[in-house]
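J.: Contents are mmCIF, C-alpha atoms; file name model34.cif:
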data_protein
loop_
_atom_site.label_atom_id
_atom_site.label_comp_id
_atom_site.auth_asym_id
_atom_site.auth_seq_id
_atom_site.Cartn_x
_atom_site.Cartn_y
_atom_site.Cartn_z
CA MET R 1 0.00 0.00 0.00
CA SER R 2 1.08 3.61 -0.63
CA PHE R 3 0.54 6.61 1.63
CA ARG R 4 2.04 9.97 2.62
CA ALA R 5 4.89 10.22 5.10
CA ALA R 6 7.45 12.81 6.21
CA VAL R 7 10.93 11.67 5.13
CA LEU R 8 14.21 13.00 6.52
CA ARG R 9 16.82 12.47 3.82
CA GLY R 10 19.86 14.19 5.30
CA TYR R 11 20.95 15.31 8.75
CA GLU R 12 20.72 18.99 7.77
CA ASP R 13 17.82 18.69 5.31
CA PRO R 14 14.21 19.71 5.90
CA PHE R 15 11.58 17.00 6.08
CA THR R 16 9.82 16.27 2.80
CA VAL R 17 6.30 14.87 2.71
CA GLU R 18 6.35 12.15 0.06
CA GLU R 19 4.46 9.15 -1.20
CA VAL R 20 5.97 5.99 0.30
CA THR R 21 5.10 2.34 -0.16
CA LEU R 22 4.75 -0.33 2.51
CA GLY R 23 5.74 -3.55 0.83
CA THR R 24 4.47 -6.09 3.33
CA GLU R 25 1.37 -7.13 5.24
CA PRO R 26 1.35 -7.40 9.05
CA GLY R 27 3.10 -10.56 10.18
CA ALA R 28 2.34 -12.62 13.28
CA GLY R 29 2.24 -10.33 16.31
CA GLU R 30 2.04 -7.17 14.16
CA ILE R 31 -0.67 -4.59 13.52
CA LEU R 32 -1.20 -1.91 10.89
CA VAL R 33 -2.32 1.38 12.43
CA GLU R 34 -3.93 4.31 10.66
CA ILE R 35 -2.18 7.20 12.38
CA ALA R 36 -4.49 9.84 13.88
CA GLY R 37 -1.68 11.98 15.31
CA CYS R 38 2.00 11.79 16.18
CA GLY R 39 3.86 13.91 18.70
CA MET R 40 7.19 15.45 17.80
CA CYS R 41 9.78 14.53 20.44
CA ARG R 42 13.26 15.97 21.02
CA THR R 43 14.60 12.48 20.32
CA ASP R 44 13.25 12.71 16.77
CA LEU R 45 15.07 16.00 16.27
CA ALA R 46 18.26 14.68 17.90
CA VAL R 47 18.75 12.46 14.83
CA ARG R 48 20.24 15.57 13.21
CA ARG R 49 23.03 15.45 15.81
CA SER R 50 23.55 11.69 15.82
CA ALA R 51 26.86 11.83 13.91
CA GLY R 52 25.49 9.47 11.27
CA ARG R 53 24.57 6.67 13.68
CA SER R 54 20.86 6.81 12.89
CA PRO R 55 20.31 5.55 9.33
CA LEU R 56 18.83 7.92 6.77
CA PRO R 57 16.73 8.45 4.73
CA ALA R 58 14.04 7.53 7.22
CA VAL R 59 10.51 8.15 8.37
CA LEU R 60 10.82 9.26 12.00
CA GLY R 61 8.11 9.76 14.61
CA HIS R 62 7.64 7.67 17.75
CA GLU R 63 4.70 9.19 19.61
CA GLY R 64 2.00 7.81 17.34
CA SER R 65 -1.62 7.01 18.05
CA GLY R 66 -4.45 5.82 15.87
CA VAL R 67 -6.82 3.05 14.89
CA VAL R 68 -5.91 -0.54 14.03
CA VAL R 69 -6.94 -1.38 10.46
CA ARG R 70 -5.25 -4.77 10.00
CA THR R 71 -3.61 -7.43 12.17
CA GLY R 72 -1.30 -10.33 11.48
CA GLY R 73 -2.83 -12.50 14.18
CA GLY R 74 -0.75 -14.81 16.33
CA PRO R 75 -0.96 -15.68 20.02
CA ASP R 76 0.59 -12.37 21.12
CA THR R 77 -1.89 -10.17 19.23
CA ALA R 78 -4.69 -9.37 21.67
CA ILE R 79 -5.40 -6.10 19.85
CA GLY R 80 -7.99 -6.20 17.09
CA VAL R 81 -9.18 -4.23 14.08
CA GLY R 82 -10.96 -1.05 15.16
CA ASP R 83 -9.11 -0.73 18.46
CA HIS R 84 -7.75 2.70 19.34
CA VAL R 85 -4.11 2.50 20.39
CA VAL R 86 -1.19 4.55 21.65
CA LEU R 87 2.19 3.44 20.33
CA SER R 88 5.25 3.34 22.58
CA PHE R 89 8.88 2.21 22.38
CA ASP R 90 9.97 -1.17 21.04
CA SER R 91 11.39 -4.01 23.13
CA CYS R 92 12.25 -7.64 22.48
CA GLY R 93 9.98 -9.18 25.12
CA HIS R 94 12.30 -12.04 26.04
CA CYS R 95 15.55 -10.67 27.51
CA ARG R 96 16.07 -10.65 31.28
CA ASN R 97 14.95 -7.04 31.71
CA CYS R 98 11.84 -7.44 29.56
CA ARG R 99 10.87 -10.51 31.56
CA ALA R 100 11.41 -8.49 34.74
CA ALA R 101 8.87 -5.85 33.62
CA ALA R 102 11.60 -3.35 32.71
CA PRO R 103 11.21 -3.07 28.91
CA ALA R 104 12.85 0.36 28.81
CA TYR R 105 16.10 -1.43 29.68
CA CYS R 106 15.69 -4.13 27.05
CA ASP R 107 19.04 -5.57 25.98
CA SER R 108 18.14 -4.63 22.40
CA PHE R 109 16.71 -1.16 23.14
CA ALA R 110 19.28 0.81 21.14
CA SER R 111 19.19 -1.43 18.09
CA LEU R 112 15.39 -1.70 18.06
CA ASN R 113 14.63 1.95 18.63
CA LEU R 114 17.54 4.07 17.48
CA PHE R 115 19.67 2.25 14.97
CA GLY R 116 17.46 0.57 12.44
CA GLY R 117 15.28 -2.06 14.06
CA ARG R 118 15.65 -5.81 14.23
CA ALA R 119 18.50 -7.20 12.16
CA GLU R 120 16.21 -9.80 10.63
CA ASP R 121 13.70 -7.21 9.42
CA PRO R 122 13.92 -6.57 5.67
CA PRO R 123 13.33 -3.05 4.37
CA ARG R 124 9.60 -2.38 4.51
CA LEU R 125 9.23 1.19 3.29
CA THR R 126 10.36 2.45 -0.09
CA ASP R 127 10.12 5.90 -1.63
CA GLY R 128 8.58 6.91 -4.93
CA SER R 129 11.64 5.75 -6.88
CA GLY R 130 11.63 2.33 -5.18
CA ALA R 131 14.66 3.09 -2.97
CA ALA R 132 14.57 1.59 0.51
CA LEU R 133 14.00 3.80 3.54
CA ALA R 134 15.48 2.95 6.93
CA PRO R 135 13.69 0.34 9.06
CA ARG R 136 11.17 1.37 11.68
CA TRP R 137 12.12 4.22 14.04
CA PHE R 138 11.25 3.22 17.61
CA GLY R 139 9.27 0.39 16.07
CA GLN R 140 6.87 2.95 14.55
CA SER R 141 7.99 5.53 11.95
CA ALA R 142 4.74 7.35 12.74
CA PHE R 143 5.28 10.66 10.88
CA ALA R 144 2.99 9.09 8.33
CA GLU R 145 -0.57 8.12 7.51
CA TYR R 146 0.05 4.49 8.50
CA ALA R 147 2.51 2.58 10.67
CA LEU R 148 3.24 -1.15 10.82
CA VAL R 149 4.19 -1.99 14.40
CA SER R 150 4.59 -4.87 16.80
CA ALA R 151 1.45 -5.35 18.85
CA ARG R 152 3.82 -5.33 21.84
CA ASN R 153 4.39 -1.60 21.16
CA ALA R 154 0.69 -0.75 21.26
CA VAL R 155 -1.58 0.04 24.20
CA ARG R 156 -5.35 -0.10 23.73
CA VAL R 157 -7.18 3.04 24.92
CA ASP R 158 -10.80 4.07 25.38
CA PRO R 159 -12.26 4.96 21.95
CA ALA R 160 -14.14 7.86 23.59
CA LEU R 161 -10.81 9.67 24.11
CA PRO R 162 -9.40 12.09 21.49
CA VAL R 163 -7.01 9.55 19.99
CA GLU R 164 -5.19 12.11 17.83
CA LEU R 165 -3.85 13.83 20.97
CA LEU R 166 -2.75 10.74 22.89
CA GLY R 167 0.50 9.83 21.11
CA PRO R 168 2.84 11.82 23.42
CA LEU R 169 1.69 9.58 26.28
CA GLY R 170 3.83 6.90 24.62
CA CYS R 171 7.14 8.69 25.21
CA GLY R 172 7.58 12.31 26.34
CA PHE R 173 4.76 12.55 28.86
CA LEU R 174 5.29 8.92 29.89
CA THR R 175 8.95 9.70 30.67
CA GLY R 176 8.28 12.66 32.94
CA ALA R 177 5.29 11.17 34.72
CA GLY R 178 6.97 7.78 35.02
CA ALA R 179 10.03 9.28 36.69
CA VAL R 180 7.79 10.64 39.44
CA LEU R 181 5.35 7.74 39.75
CA ASN R 182 7.66 4.77 39.04
CA THR R 183 11.30 5.69 39.60
CA PHE R 184 10.82 7.94 42.61
CA ALA R 185 7.46 6.48 43.72
CA ALA R 186 6.91 9.96 45.13
CA GLY R 187 4.06 10.66 47.51
CA PRO R 188 2.86 12.98 50.27
CA GLY R 189 5.76 14.20 52.38
CA ASP R 190 8.17 14.23 49.45
CA THR R 191 9.32 17.25 47.45
CA LEU R 192 10.53 17.47 43.86
CA VAL R 193 12.64 19.88 41.82
CA VAL R 194 12.39 19.69 38.02
CA LEU R 195 15.13 21.20 35.87
CA GLY R 196 13.73 22.15 32.48
CA ALA R 197 10.03 22.86 31.94
CA GLY R 198 9.61 21.22 28.55
CA ALA R 199 7.28 18.34 27.75
CA VAL R 200 9.07 15.85 30.03
CA GLY R 201 9.56 18.32 32.89
CA LEU R 202 6.00 19.61 32.81
CA ALA R 203 4.66 16.05 32.74
CA ALA R 204 6.70 15.43 35.89
CA VAL R 205 5.19 18.54 37.51
CA MET R 206 1.66 17.42 36.61
CA ALA R 207 2.29 13.93 37.97
CA ALA R 208 3.75 15.35 41.18
CA THR R 209 0.73 17.57 41.69
CA ALA R 210 -1.59 14.63 41.00
CA VAL R 211 -0.07 12.66 43.89
CA GLY R 212 0.24 15.55 46.33
CA VAL R 213 3.97 16.24 45.95
CA PRO R 214 5.05 19.92 46.06
CA SER R 215 7.44 20.79 43.23
CA VAL R 216 9.79 23.53 42.07
CA ALA R 217 10.33 24.04 38.33
CA VAL R 218 13.54 25.62 37.04
CA ASP R 219 13.72 27.07 33.54
CA ARG R 220 14.99 30.17 31.72
CA ASN R 221 11.82 30.61 29.62
CA PRO R 222 9.17 32.73 31.41
CA ARG R 223 6.35 31.14 29.40
CA ARG R 224 7.43 27.67 30.44
CA LEU R 225 7.65 28.78 34.07
CA ALA R 226 4.14 30.20 33.83
CA LEU R 227 2.92 26.82 32.60
CA ALA R 228 4.72 25.05 35.45
CA GLU R 229 3.08 27.39 37.94
CA ARG R 230 -0.35 26.71 36.36
CA PHE R 231 0.24 22.99 36.92
CA GLY R 232 1.16 23.44 40.58
CA ALA R 233 4.94 24.07 40.72
CA VAL R 234 6.78 26.96 42.28
CA PRO R 235 8.56 28.66 39.31
CA LEU R 236 12.25 29.49 39.67
CA PRO R 237 14.32 31.17 36.91
CA ALA R 238 17.40 29.16 35.95
CA ALA R 239 19.60 32.25 36.02
CA THR R 240 19.01 32.78 39.73
CA THR R 241 22.28 32.99 41.65
CA GLY R 242 22.52 30.60 44.57
CA LEU R 243 20.03 28.24 42.93
CA ALA R 244 20.63 25.35 45.33
CA GLU R 245 20.09 27.58 48.34
CA ARG R 246 16.85 28.95 46.88
CA ILE R 247 15.57 25.42 46.23
CA ARG R 248 16.44 24.32 49.77
CA ARG R 249 14.47 27.22 51.20
CA LEU R 250 11.48 26.45 48.98
CA THR R 251 11.54 22.74 49.90
CA ASP R 252 11.98 23.02 53.66
CA GLY R 253 15.66 22.14 53.78
CA GLY R 254 16.12 20.25 50.54
CA ALA R 255 14.22 18.36 47.87
CA ARG R 256 13.71 14.61 48.26
CA TYR R 257 13.90 14.12 44.49
CA ALA R 258 15.25 16.04 41.50
CA LEU R 259 14.69 15.38 37.81
CA ASP R 260 17.03 16.88 35.23
CA THR R 261 15.83 17.19 31.64
CA THR R 262 18.53 19.67 30.50
CA ALA R 263 21.86 17.77 30.55
CA SER R 264 23.36 21.02 31.86
CA VAL R 265 26.38 20.20 34.04
CA PRO R 266 26.07 23.34 36.22
CA LEU R 267 22.36 22.71 36.81
CA ILE R 268 22.99 19.05 37.64
CA ASN R 269 25.51 20.05 40.30
CA GLU R 270 23.09 22.66 41.68
CA ALA R 271 20.34 20.04 41.83
CA LEU R 272 22.56 17.64 43.77
CA ARG R 273 23.44 20.37 46.26
CA ALA R 274 19.72 21.13 46.64
CA LEU R 275 18.86 17.57 47.71
CA ARG R 276 18.32 16.67 51.31
CA PRO R 277 20.35 13.74 52.74
CA THR R 278 19.55 10.46 50.95
CA GLY R 279 17.88 12.44 48.16
CA ALA R 280 17.96 11.17 44.57
CA LEU R 281 18.57 12.85 41.23
CA GLY R 282 17.30 11.30 37.99
CA LEU R 283 18.71 12.20 34.57
CA VAL R 284 16.57 11.75 31.46
CA ALA R 285 18.49 13.80 28.89
CA ARG R 286 21.43 12.23 27.09
CA LEU R 287 24.76 13.70 28.19
CA HIS R 288 27.08 14.68 25.34
CA THR R 289 30.07 15.62 27.52
CA ALA R 290 31.72 14.33 30.67
CA LEU R 291 29.83 15.00 33.89
CA PRO R 292 32.24 16.45 36.45
CA LEU R 293 30.62 16.40 39.88
CA GLU R 294 31.72 19.05 42.32
CA PRO R 295 33.04 18.06 45.78
CA GLY R 296 30.30 17.32 48.26
CA THR R 297 27.48 16.86 45.78
CA LEU R 298 27.17 13.13 46.50
CA ASP R 299 27.74 13.35 50.25
CA ARG R 300 25.23 12.18 52.86
CA GLY R 301 23.64 9.40 50.87
CA ARG R 302 22.63 11.39 47.82
CA GLY R 303 22.38 9.37 44.62
CA ILE R 304 22.21 9.89 40.87
CA ARG R 305 20.97 7.61 38.07
CA HIS R 306 19.78 7.69 34.50
CA ILE R 307 16.07 7.07 33.83
CA CYS R 308 14.91 5.63 30.51
CA GLU R 309 11.28 6.03 29.40
CA GLY R 310 10.14 6.72 32.95
CA ASP R 311 10.90 3.14 34.02
CA ALA R 312 7.50 2.46 32.49
CA VAL R 313 5.61 -0.58 31.39
CA PRO R 314 3.53 1.31 28.81
CA GLY R 315 0.54 -1.01 29.13
CA LEU R 316 0.26 -0.04 32.79
CA LEU R 317 1.27 3.63 32.84
CA ILE R 318 -0.57 4.90 29.73
CA PRO R 319 -4.01 3.80 31.02
CA LEU R 320 -3.22 5.41 34.38
CA LEU R 321 -2.32 8.70 32.69
CA THR R 322 -5.51 8.70 30.62
CA ARG R 323 -7.56 8.11 33.77
CA LEU R 324 -5.78 10.98 35.52
CA TRP R 325 -6.48 13.19 32.47
CA GLN R 326 -10.16 12.27 32.51
CA ALA R 327 -10.24 13.22 36.19
CA GLY R 328 -8.66 16.62 35.43
CA ARG R 329 -5.43 15.73 37.22
CA PHE R 330 -3.02 15.36 34.28
CA PRO R 331 -3.95 18.11 31.77
CA PHE R 332 -1.37 17.19 29.12
CA ASP R 333 -3.66 18.47 26.34
CA GLN R 334 -2.85 22.03 27.45
CA LEU R 335 0.71 21.49 26.19
CA VAL R 336 -0.30 20.31 22.72
CA ARG R 337 -0.49 22.31 19.50
CA THR R 338 -1.56 20.46 16.37
CA TYR R 339 -0.07 20.91 12.90
CA PRO R 340 -0.91 19.26 9.57
CA LEU R 341 1.74 16.71 8.65
CA ALA R 342 2.56 18.93 5.66
CA ASP R 343 3.71 21.63 8.14
CA ILE R 344 6.25 19.39 9.89
CA ASN R 345 9.11 21.82 9.26
CA GLU R 346 7.15 24.67 10.82
CA ALA R 347 6.44 22.43 13.83
CA GLU R 348 10.16 21.69 14.17
CA ARG R 349 11.04 25.41 13.99
CA ASP R 350 8.44 26.28 16.60
CA CYS R 351 9.68 23.49 18.85
CA ASP R 352 13.30 24.63 18.54
CA ALA R 353 12.28 28.23 19.24
CA GLY R 354 10.36 27.25 22.37
CA LEU R 355 7.06 28.51 20.92
CA VAL R 356 5.32 25.18 21.50
CA VAL R 357 5.84 22.51 24.15
CA LYS R 358 4.47 19.51 22.28
CA PRO R 359 3.71 19.65 18.54
CA VAL R 360 1.37 16.92 17.34
CA LEU R 361 1.29 16.22 13.60
CA LEU R 362 -2.02 15.27 12.01
CA PRO R 363 -2.08 13.26 8.76
CA PRO R 364 -4.15 14.76 5.92
CA ALA R 365 -7.42 13.03 6.80
CA ARG R 366 -7.25 14.41 10.36
CA SER R 367 -6.00 17.92 9.54
CA ARG R 368 -8.80 18.85 7.14
#
Rewrite the structure of this file - the entire thing - as structure tokens.

T.:
Amino acid sequence: MSFRAAVLRGYEDPFTVEEVTLGTEPGAGEILVEIAGCGMCRTDLAVRRSAGRSPLPAVLGHEGSGVVVRTGGGPDTAIGVGDHVVLSFDSCGHCRNCRAAAPAYCDSFASLNLFGGRAEDPPRLTDGSGAALAPRWFGQSAFAEYALVSARNAVRVDPALPVELLGPLGCGFLTGAGAVLNTFAAGPGDTLVVLGAGAVGLAAVMAATAVGVPSVAVDRNPRRLALAERFGAVPLPAATTGLAERIRRLTDGGARYALDTTASVPLINEALRALRPTGALGLVARLHTALPLEPGTLDRGRGIRHICEGDAVPGLLIPLLTRLWQAGRFPFDQLVRTYPLADINEAERDCDAGLVVKPVLLPPARSR
């Protein structure tokens, strides 16, 4: 079948919306999804800085949602035609971490999600000239009208929900909320500081507020700080001198948890200094340089670790987040701005400029 998709052909090129061809039917354990919407994530845009490690040309997009139009059957395919689904990251399902309900730490995570998919997968998408495009990005390649995915990647959702807006629950919002709810298991009596009030950071703020955890949000963008304050956080400009001391005063002697979404070495050190004894810092952004820690930052039982995909099992966390949204306690839709798929380059520019927190791209049938 042929359909429209946004193709990135070079690391410095704009996206081009082209006709592509899917040359295979769903196999056992696979589903074909008509995409209703796909969030644009910083990880999609980071392909431009991947030093050639992510294969191009490719159809990116890994926060897809839509309606199942075909299935390949098989014992692992509990999802059927007509189901509304949110798509999340890929995982093998059989390594030690997958079996231990930690699919974000799948032994094959990098190869499945970032570097071209399963080695045994033949090229599935071709362009108008018949040239092969890279295998599935995050098991999805959802900047398109259709996506062929493993049923393992998909989470069934209530068809009464606005499915075109739900895709970011599969990655960006899942990561921030999961850090609070899963990694930290934060609750009343805890305090949280969030560094960076983008999609991941604001999702963490919303999740903290939902479970009664006071939070402080640090950012240099006044509009982002205003959003964080709307969702329940105390806003704190990143340029404030003596940041750690300010956070300690705002959190009654130190935050129990800190979440860094910036990969800024100075902010990471400030966050560690702002923790109370035995406090924990989680990092979600990829570090591109060494991380020198200043003396004393890890004293008194403080800890630091990397968090991938919010330590989430998507089939458990995504339904929880939709229930919180329905109850008015996780208003992620207030961060979303929709764009037609044809305007993907405008969405990228607005995202880079900080004019929008979470762009969601709508295929032609949805954007009319």

J.: Could you write out as an MDAnalysis selection string the residues that the PyMOL selection byres ((chain R and resi 218) around 8) matches in the shown file?

T.: chainID R and resid 193:197 216:217 219:220 225 235:238

J.: Mind telling me what the PyMOL selection byres ((chain R and resi 32) around 12) catches here, as an MDAnalysis selection string?

T.: chainID R and resid 1 22 24:31 33:35 65:73 77 79:85 87 139:142 145:151 153:154

J.: Please expand the PyMOL selection byres ((chain R and resi 16) around 6) into the concrete residues it hits in this file, giving the result as a list in words.

T.: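 Expected selection for the PyMOL selection byres ((chain R and resi 16) around 6) here is Ala6, Val7, Phe15 and Val17 of chain R.
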
J.: Of the candidates R:Arg329, R:Arg323, R:Arg276, R:His288, which one gets nearest to Asp190 of chain R if we count all atoms listed in the file?

T.: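 Smallest separation from Asp190 of chain R among the options: R:Arg276.
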
J.: Taking into account only C-alpha atoms, which residue in the set R:Glu12, R:Arg302, R:Val163, R:Ala102 is nearest to Leu316 of chain R?

T.: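 Once distances to Leu316 of chain R are computed over only C-alpha atoms, the minimum belongs to R:Ala102.
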
J.: Extract, using only C-alpha atoms, all DNA, RNA and protein residues at most 10 Å from Ile268 of chain R, discarding same-chain residues fewer than 4 positions from it, and format them as a ChimeraX atom specification.

T.: /R:195,258-264,272-274,281-283,291-294,297,304

J.: Find the distance between atom CA of Tyr105 of chain R and atom CA of Arg305 of chain R and write it in Å to one decimal.

T.: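 The value is 13.3 Å.
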
J.: From the set R:Arg99, R:Arg224, R:Arg300, R:Arg136, which residue has the shortest atom-to-atom contact distance to Gly198 of chain R, counting all atoms listed in the file?

T.: R:Arg224

J.: Rounded to one decimal, what separation in Å do you get between atom CA of Tyr257 of chain R and atom CA of Ala280 of chain R?

T.: 5.0 Å

J.: Using only C-alpha atoms, find the one residue out of R:Pro103, R:Gly37, R:Pro277, R:Gly61 that sits nearest to Pro340 of chain R.

T.: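 Once distances to Pro340 of chain R are computed over only C-alpha atoms, the minimum belongs to R:Gly37.
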
J.: Calculated over only C-alpha atoms, which of the candidates R:Leu321, R:Val336, R:Ala58, R:Cys308 has the smallest distance to Val356 of chain R?

T.: R:Val336

J.: Could I get the residues of segment 108-215 of chain R with an atom no further than 12 Å from an atom of segment 42-45 of chain R, each paired with its nearest atom pair and that distance in Å to one decimal, using only C-alpha atoms, sorted by chain and residue number, as a Markdown table?

T.:
| residue | atom | partner | partner_atom | distance |
| --- | --- | --- | --- | --- |
| R:Asn113 | CA | R:Thr43 | CA | 10.7 |
| R:Leu114 | CA | R:Thr43 | CA | 9.4 |
| R:Trp137 | CA | R:Asp44 | CA | 9.0 |
| R:Phe138 | CA | R:Asp44 | CA | 9.7 |
| R:Gln140 | CA | R:Asp44 | CA | 11.9 |
| R:Ser141 | CA | R:Asp44 | CA | 10.1 |
| R:Ala142 | CA | R:Asp44 | CA | 10.8 |
| R:Phe143 | CA | R:Asp44 | CA | 10.1 |
| R:Pro168 | CA | R:Arg42 | CA | 11.5 |
| R:Cys171 | CA | R:Thr43 | CA | 9.7 |
| R:Gly172 | CA | R:Arg42 | CA | 8.6 |
| R:Gly198 | CA | R:Arg42 | CA | 9.9 |
| R:Ala199 | CA | R:Arg42 | CA | 9.3 |
| R:Val200 | CA | R:Arg42 | CA | 9.9 |

J.: With all atoms listed in the file as the atoms that count, which of R:Ala208, R:Leu56, R:Ala160, R:Cys98 lies nearest to Ala131 of chain R?

T.: R:Leu56

J.: Padding of 8 Å on every side, edges along x, y and z, all listed atoms of segment 265-280 of chain R included: what centre and edge lengths in Å, to one decimal, does that box have, as AutoDock Vina command-line options?

T.:
--center_x 22.1 --center_y 16.9 --center_z 43.4 --size_x 24.5 --size_y 28.9 --size_z 34.7

J.: Around the point (9.5, 17.7, 44.3) (coordinates from the file), which residues reach within 6 Å if we count all atoms listed in the file? Answer as JSON, numbers by chain.

T.: {"R": [191, 192, 193, 213, 214, 215, 255, 257]}

J.: Suppose you want the space between atom CA of Leu287 of chain R and atom CA of Ile307 of chain R; what is it in Å?

T.: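 About the pair atom CA of Leu287 of chain R and atom CA of Ile307 of chain R: they are 12.3 Å apart.
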